[in-house]
file final-v6.pdb (PDB, C-alpha atoms)
ATOM      1  CA  MET A1257       0.000   0.000   0.000
ATOM      2  CA  GLY A1258       2.862   2.375   0.822
ATOM      3  CA  SER A1259       4.480   1.961  -2.587
ATOM      4  CA  ALA A1260       1.180   2.858  -4.303
ATOM      5  CA  VAL A1261       1.020   6.121  -2.364
ATOM      6  CA  ILE A1262       4.605   6.953  -3.296
ATOM      7  CA  HIS A1263       3.799   6.162  -6.924
ATOM      8  CA  TYR A1264       0.802   8.540  -6.880
ATOM      9  CA  LYS A1265       2.864  11.261  -5.221
ATOM     10  CA  LYS A1266       5.453  10.960  -7.979
ATOM     11  CA  GLU A1267       2.733  11.130 -10.641
ATOM     12  CA  PHE A1268       1.201  14.173  -8.966
ATOM     13  CA  THR A1269       4.584  15.872  -8.768
ATOM     14  CA  CYS A1270       5.375  15.187 -12.426
ATOM     15  CA  LEU A1271       1.959  16.301 -13.697
ATOM     16  CA  SER A1272       1.729  19.384 -11.508
ATOM     17  CA  LEU A1273       5.263  20.503 -12.407
ATOM     18  CA  PHE A1274       4.492  19.996 -16.112
ATOM     19  CA  PHE A1275       1.221  21.931 -15.758
ATOM     20  CA  THR A1276       3.006  24.714 -13.864
ATOM     21  CA  ALA A1277       5.720  24.993 -16.520
ATOM     22  CA  VAL A1278       3.225  25.108 -19.409
ATOM     23  CA  ILE A1279       1.004  27.701 -17.743
ATOM     24  CA  PHE A1280       4.055  29.770 -16.786
ATOM     25  CA  LEU A1281       5.152  29.873 -20.432
ATOM     26  CA  MET A1282       1.655  30.746 -21.634
ATOM     27  CA  SER A1283       1.203  33.522 -19.066
ATOM     28  CA  PHE A1284       4.708  34.862 -19.682
ATOM     29  CA  VAL A1285       4.079  35.048 -23.454
ATOM     30  CA  SER A1286       0.723  36.702 -22.723
ATOM     31  CA  LEU A1287       2.429  39.346 -20.576
ATOM     32  CA  ILE A1288       4.948  39.979 -23.353
ATOM     33  CA  GLN A1289       1.988  40.516 -25.697
ATOM     34  CA  TYR A1290       0.581  42.983 -23.195
ATOM     35  CA  PHE A1291       3.784  44.985 -22.845
ATOM     36  CA  ILE A1292       4.386  45.205 -26.612
ATOM     37  CA  ASN A1293       0.696  46.084 -27.102
ATOM     38  CA  HIS A1294       0.072  43.095 -29.393
ATOM     39  CA  SER A1295      -3.566  42.775 -30.474
ATOM     40  CA  VAL A1296      -5.190  40.383 -32.942
ATOM     41  CA  VAL A1297      -8.898  40.130 -33.762
ATOM     42  CA  GLN A1298      -9.817  37.770 -36.584
ATOM     43  CA  TYR A1299     -13.403  36.935 -37.434
ATOM     44  CA  ARG A1300     -13.836  33.335 -38.545
ATOM     45  CA  THR A1301     -16.984  31.610 -39.727
ATOM     46  CA  ASP A1302     -17.728  29.909 -36.422
ATOM     47  CA  TYR A1303     -15.800  32.008 -33.871
ATOM     48  CA  VAL A1304     -13.717  35.111 -33.303
ATOM     49  CA  TYR A1305      -9.973  34.583 -32.769
ATOM     50  CA  LEU A1306      -8.585  36.996 -30.171
ATOM     51  CA  SER A1307      -5.007  37.278 -29.010
ATOM     52  CA  GLY A1308      -3.001  39.741 -26.956
ATOM     53  CA  LEU A1309      -4.591  42.883 -25.557
ATOM     54  CA  VAL A1310      -8.154  43.113 -26.875
ATOM     55  CA  TRP A1311     -11.015  45.314 -25.652
ATOM     56  CA  GLY A1312      -8.996  46.500 -22.657
ATOM     57  CA  ARG A1313      -8.348  42.950 -21.385
ATOM     58  CA  LEU A1314      -5.332  40.717 -21.678
ATOM     59  CA  TRP A1315      -6.460  37.638 -23.596
ATOM     60  CA  GLY A1316      -2.919  36.590 -24.344
ATOM     61  CA  VAL A1317      -2.558  33.118 -25.789
ATOM     62  CA  TYR A1318      -5.668  31.778 -24.076
ATOM     63  CA  ARG A1319      -9.037  31.299 -25.789
ATOM     64  CA  ASP A1320     -10.713  33.159 -22.911
ATOM     65  CA  PRO A1321      -9.055  35.297 -20.192
ATOM     66  CA  ASN A1322     -11.237  33.638 -17.556
ATOM     67  CA  TYR A1323      -9.772  30.234 -18.428
ATOM     68  CA  GLY A1324      -6.288  31.694 -18.272
ATOM     69  CA  SER A1325      -6.995  33.231 -14.878
ATOM     70  CA  VAL A1326      -8.281  29.981 -13.419
ATOM     71  CA  PHE A1327      -5.238  28.121 -14.787
ATOM     72  CA  ALA A1328      -3.032  30.860 -13.305
ATOM     73  CA  THR A1329      -4.699  30.402  -9.919
ATOM     74  CA  ILE A1330      -4.101  26.645  -9.976
ATOM     75  CA  THR A1331      -0.479  27.312 -10.891
ATOM     76  CA  ILE A1332      -0.149  29.779  -8.007
ATOM     77  CA  MET A1333      -1.375  27.103  -5.600
ATOM     78  CA  PHE A1334       1.067  24.540  -7.009
ATOM     79  CA  SER A1335       3.914  27.067  -6.800
ATOM     80  CA  ALA A1336       3.082  27.924  -3.193
ATOM     81  CA  TYR A1337       3.127  24.206  -2.397
ATOM     82  CA  TYR A1338       6.491  23.715  -4.092
ATOM     83  CA  ILE A1339       8.033  26.737  -2.391
ATOM     84  CA  ARG A1340       7.298  24.980   0.894
ATOM     85  CA  LYS A1341       8.359  21.542  -0.377
ATOM     86  CA  PHE A1342      11.646  22.241  -2.169
ATOM     87  CA  LYS A1343      14.704  23.290  -0.198
ATOM     88  CA  LYS A1344      16.873  24.785  -2.944
ATOM     89  CA  LEU A1345      16.851  28.591  -3.015
ATOM     90  CA  PHE A1346      16.965  28.714  -6.819
ATOM     91  CA  LEU A1347      13.743  26.687  -7.077
ATOM     92  CA  LYS A1348      12.044  28.845  -4.458
ATOM     93  CA  ILE A1349      12.969  31.987  -6.425
ATOM     94  CA  LEU A1350      11.756  30.372  -9.653
ATOM     95  CA  PHE A1351       8.376  29.490  -8.136
ATOM     96  CA  ALA A1352       8.078  32.956  -6.564
ATOM     97  CA  PHE A1353       8.689  34.503 -10.000
ATOM     98  CA  ASN A1354       6.012  32.184 -11.375
ATOM     99  CA  ILE A1355       3.555  33.410  -8.731
ATOM    100  CA  LEU A1356       4.337  37.021  -9.667
ATOM    101  CA  THR A1357       3.802  36.216 -13.360
ATOM    102  CA  GLN A1358       0.458  34.556 -12.677
ATOM    103  CA  VAL A1359      -0.776  37.375 -10.431
ATOM    104  CA  LEU A1360       0.124  39.895 -13.135
ATOM    105  CA  TYR A1361      -1.764  37.852 -15.722
ATOM    106  CA  ILE A1362      -4.853  37.737 -13.504
ATOM    107  CA  ALA A1363      -4.637  41.478 -12.868
ATOM    108  CA  TYR A1364      -4.191  42.448 -16.526
ATOM    109  CA  SER A1365      -6.812  39.985 -17.768
ATOM    110  CA  ASP A1366      -9.406  41.870 -15.711
ATOM    111  CA  SER A1367     -11.063  38.571 -14.832
ATOM    112  CA  ARG A1368     -13.490  38.631 -11.929
ATOM    113  CA  THR A1369     -13.638  34.843 -12.148
ATOM    114  CA  GLY A1370      -9.871  34.706 -11.695
ATOM    115  CA  LEU A1371      -9.969  37.078  -8.733
ATOM    116  CA  ILE A1372     -12.735  35.129  -7.009
ATOM    117  CA  THR A1373     -10.958  31.827  -7.688
ATOM    118  CA  LEU A1374      -7.667  33.239  -6.405
ATOM    119  CA  PHE A1375      -9.356  34.574  -3.265
ATOM    120  CA  LEU A1376     -11.177  31.305  -2.525
ATOM    121  CA  CYS A1377      -8.121  29.135  -3.180
ATOM    122  CA  SER A1378      -5.922  31.388  -1.052
ATOM    123  CA  PHE A1379      -8.516  31.272   1.706
ATOM    124  CA  ALA A1380      -8.726  27.459   1.535
ATOM    125  CA  TYR A1381      -4.911  27.161   1.494
ATOM    126  CA  SER A1382      -4.663  29.464   4.510
ATOM    127  CA  VAL A1383      -7.259  27.462   6.413
ATOM    128  CA  LEU A1384      -5.478  24.190   5.665
ATOM    129  CA  MET A1385      -2.138  25.630   6.769
ATOM    130  CA  LEU A1386      -3.793  27.027   9.890
ATOM    131  CA  CYS A1387      -5.249  23.614  10.743
ATOM    132  CA  ARG A1388      -1.913  21.948  10.123
ATOM    133  CA  PHE A1389       0.152  24.208  12.368
ATOM    134  CA  TRP A1390      -2.343  24.903  15.135
ATOM    135  CA  GLY A1391      -3.308  21.831  17.075
ATOM    136  CA  ASN A1392      -5.814  23.668  19.257
ATOM    137  CA  LYS A1393      -9.194  23.095  17.604
ATOM    138  CA  LYS A1394     -10.860  25.930  19.537
ATOM    139  CA  VAL A1395      -8.394  28.479  18.110
ATOM    140  CA  VAL A1396      -8.924  27.100  14.616
ATOM    141  CA  LYS A1397     -12.729  27.210  14.960
ATOM    142  CA  THR A1398     -12.664  30.779  16.277
ATOM    143  CA  THR A1399     -10.342  31.915  13.490
ATOM    144  CA  LEU A1400     -12.490  30.174  10.884
ATOM    145  CA  SER A1401     -15.637  31.793  12.287
ATOM    146  CA  ILE A1402     -14.074  35.246  12.089
ATOM    147  CA  ALA A1403     -12.769  34.598   8.564
ATOM    148  CA  LEU A1404     -16.151  33.266   7.427
ATOM    149  CA  SER A1405     -17.891  36.318   8.871
ATOM    150  CA  LEU A1406     -15.482  38.590   7.004
ATOM    151  CA  LEU A1407     -16.008  36.566   3.827
ATOM    152  CA  ILE A1408     -19.787  36.875   4.117
ATOM    153  CA  GLY A1409     -19.459  40.608   4.780
ATOM    154  CA  LEU A1410     -17.206  41.075   1.762
ATOM    155  CA  GLY A1411     -19.591  39.041  -0.365
ATOM    156  CA  ALA A1412     -22.550  41.136   0.748
ATOM    157  CA  ALA A1413     -20.666  44.388   0.104
ATOM    158  CA  PHE A1414     -19.505  43.149  -3.298
ATOM    159  CA  SER A1415     -22.985  41.992  -4.324
ATOM    160  CA  THR A1416     -24.488  45.326  -3.229
ATOM    161  CA  THR A1417     -21.928  47.271  -5.256
ATOM    162  CA  VAL A1418     -22.437  45.062  -8.294
ATOM    163  CA  SER A1419     -26.217  45.270  -8.081
ATOM    164  CA  GLN A1420     -26.017  49.070  -7.800
ATOM    165  CA  LYS A1421     -23.796  49.225 -10.906
ATOM    166  CA  ILE A1422     -26.143  46.938 -12.823
ATOM    167  CA  THR A1423     -29.175  48.994 -11.804
ATOM    168  CA  LEU A1424     -27.449  52.224 -12.823
ATOM    169  CA  SER A1425     -26.374  50.687 -16.129
ATOM    170  CA  VAL A1426     -29.915  49.490 -16.882
ATOM    171  CA  GLU A1427     -31.348  52.885 -15.957
ATOM    172  CA  ASN A1428     -28.840  54.638 -18.243
ATOM    173  CA  HIS A1429     -29.579  52.227 -21.070
ATOM    174  CA  ILE A1430     -33.326  52.730 -20.709
ATOM    175  CA  SER A1431     -33.017  56.511 -20.567
ATOM    176  CA  GLN A1432     -30.753  56.489 -23.645
ATOM    177  CA  SER A1433     -33.159  54.207 -25.487
ATOM    178  CA  LEU A1434     -36.110  56.443 -24.614
ATOM    179  CA  GLY A1435     -34.076  59.496 -25.580
ATOM    180  CA  ASN A1436     -33.149  57.918 -28.921
ATOM    181  CA  ASP A1437     -36.754  56.893 -29.593
ATOM    182  CA  SER A1438     -38.061  60.379 -28.871
ATOM    183  CA  THR A1439     -35.487  61.971 -31.208
ATOM    184  CA  SER A1440     -36.361  59.560 -34.030
ATOM    185  CA  ASP A1441     -40.069  60.539 -33.840
ATOM    186  CA  ASP A1442     -39.313  64.214 -34.532
TER     187      ASP A1442
END

call {"tool": "encode", "arguments": {"input": "final-v6.pdb", "output": "structure tokens"}}
result
Amino acid sequence: MGSAVIHYKKEFTCLSLFFTAVIFLMSFVSLIQYFINHSVVQYRTDYVYLSGLVWGRLWGVYRDPNYGSVFATITIMFSAYYIRKFKKLFLKILFAFNILTQVLYIAYSDSRTGLITLFLCSFAYSVLMLCRFWGNKKVVKTTLSIALSLLIGLGAAFSTTVSQKITLSVENHISQSLGNDSTSDD
């Protein structure tokens, strides 16, 4: 049974390192596209091909910036794990640079999905590390209760802000539509 676990750990390490390397390269190329202001929009028969900086968002080499942001978040979690696991300073610096690259991609892609995913994964990682290092369950439960309360408060504040923006946008659209209709009747 022990050898099977070691085998799966090796497979996980190989696959996660490969995934991390591929996503690092893709995000790094995407950031280069951003900094050289590369933009491609090609209309095809069944889809639109976008690459680089399009419509104020960094699409980069990904089909959708939201996919890229979620991949970047997964890579950040793997990199954080490997910073703790590996002892060599060079590898720690390499994974830290990868985290910086992925955070920059998420920021420039303007992906709310990526931000929410990054926040939730960071929160889960923090909770797991908290549980691992603090043996006192009462301290962990109290900390989790406070964090959950803050999370609910942030969620409520965020949803209120978003709903206000949506309402204002709908009101502006309706008033513009009514204004355009009244000018076309004249």

call {"tool": "atom_distance", "arguments": {"input": "final-v6.pdb", "atom1": "CA of Ser1325 (chain A)", "atom2": "CA of Ile1362 (chain A)"}}
result
5.2 Å

call {"tool": "resolve_selection", "arguments": {"input": "final-v6.pdb", "expression": "the PyMOL selection byres ((chain A and resi 1351) around 12)", "output": "MDAnalysis selection string"}}
result
chainID A and resid 1273 1276:1277 1280 1331:1350 1352:1358

call {"tool": "resolve_selection", "arguments": {"input": "final-v6.pdb", "expression": "the PyMOL selection byres ((chain A and resi 1295) around 8)", "output": "JSON, numbers by chain"}}
result
{"A": [1289, 1293, 1294, 1296, 1297, 1306, 1307, 1308, 1309, 1310]}

call {"tool": "closest_residue", "arguments": {"input": "final-v6.pdb", "among": "A:Ile1430, A:Ala1403, A:Val1383, A:Ala1328", "to": "Leu1281 (chain A)", "atoms": "all atoms listed in the file"}}
result
A:Ala1328

call {"tool": "atom_distance", "arguments": {"input": "final-v6.pdb", "atom1": "CA of Ile1292 (chain A)", "atom2": "CA of Trp1311 (chain A)"}}
result
15.4 Å

call {"tool": "atom_distance", "arguments": {"input": "final-v6.pdb", "atom1": "CA of Ser1286 (chain A)", "atom2": "CA of Thr1329 (chain A)"}}
result
15.3 Å

call {"tool": "resolve_selection", "arguments": {"input": "final-v6.pdb", "expression": "the PyMOL selection byres ((chain A and resi 1366) around 8)", "output": "PyMOL selection string"}}
result
chain A and resi 1313-1314+1321+1362-1365+1367-1368

call {"tool": "residues_around", "arguments": {"input": "final-v6.pdb", "residues": "Leu1374 (chain A)", "least_positions_apart": "4", "cutoff": "8 Å", "atoms": "all atoms listed in the file", "output": "ChimeraX atom specification"}}
result
/A:1326,1329,1370,1378

call {"tool": "residues_around", "arguments": {"input": "final-v6.pdb", "residues": "Met1282 (chain A)", "least_positions_apart": "2", "cutoff": "8 Å", "atoms": "only C-alpha atoms", "output": "list of chain:residue names"}}
result
A:Val1278, A:Ile1279, A:Phe1280, A:Phe1284, A:Val1285, A:Ser1286, A:Gly1316, A:Val1317, A:Tyr1318

call {"tool": "write_last_selection", "arguments": {"input": "final-v6.pdb", "atoms": "C-alpha atoms", "output": "PDB file, keeping the file's coordinate frame"}}
result
ATOM      1  CA  VAL A1278       3.225  25.108 -19.409  1.00  0.00           C
ATOM      2  CA  ILE A1279       1.004  27.701 -17.743  1.00  0.00           C
ATOM      3  CA  PHE A1280       4.055  29.770 -16.786  1.00  0.00           C
ATOM      4  CA  PHE A1284       4.708  34.862 -19.682  1.00  0.00           C
ATOM      5  CA  VAL A1285       4.079  35.048 -23.454  1.00  0.00           C
ATOM      6  CA  SER A1286       0.723  36.702 -22.723  1.00  0.00           C
ATOM      7  CA  GLY A1316      -2.919  36.590 -24.344  1.00  0.00           C
ATOM      8  CA  VAL A1317      -2.558  33.118 -25.789  1.00  0.00           C
ATOM      9  CA  TYR A1318      -5.668  31.778 -24.076  1.00  0.00           C
TER      10      TYR A1318
END

call {"tool": "closest_residue", "arguments": {"input": "final-v6.pdb", "among": "A:Val1304, A:Leu1371, A:Cys1377, A:Met1385", "to": "Tyr1323 (chain A)", "atoms": "all atoms listed in the file"}}
result
A:Leu1371
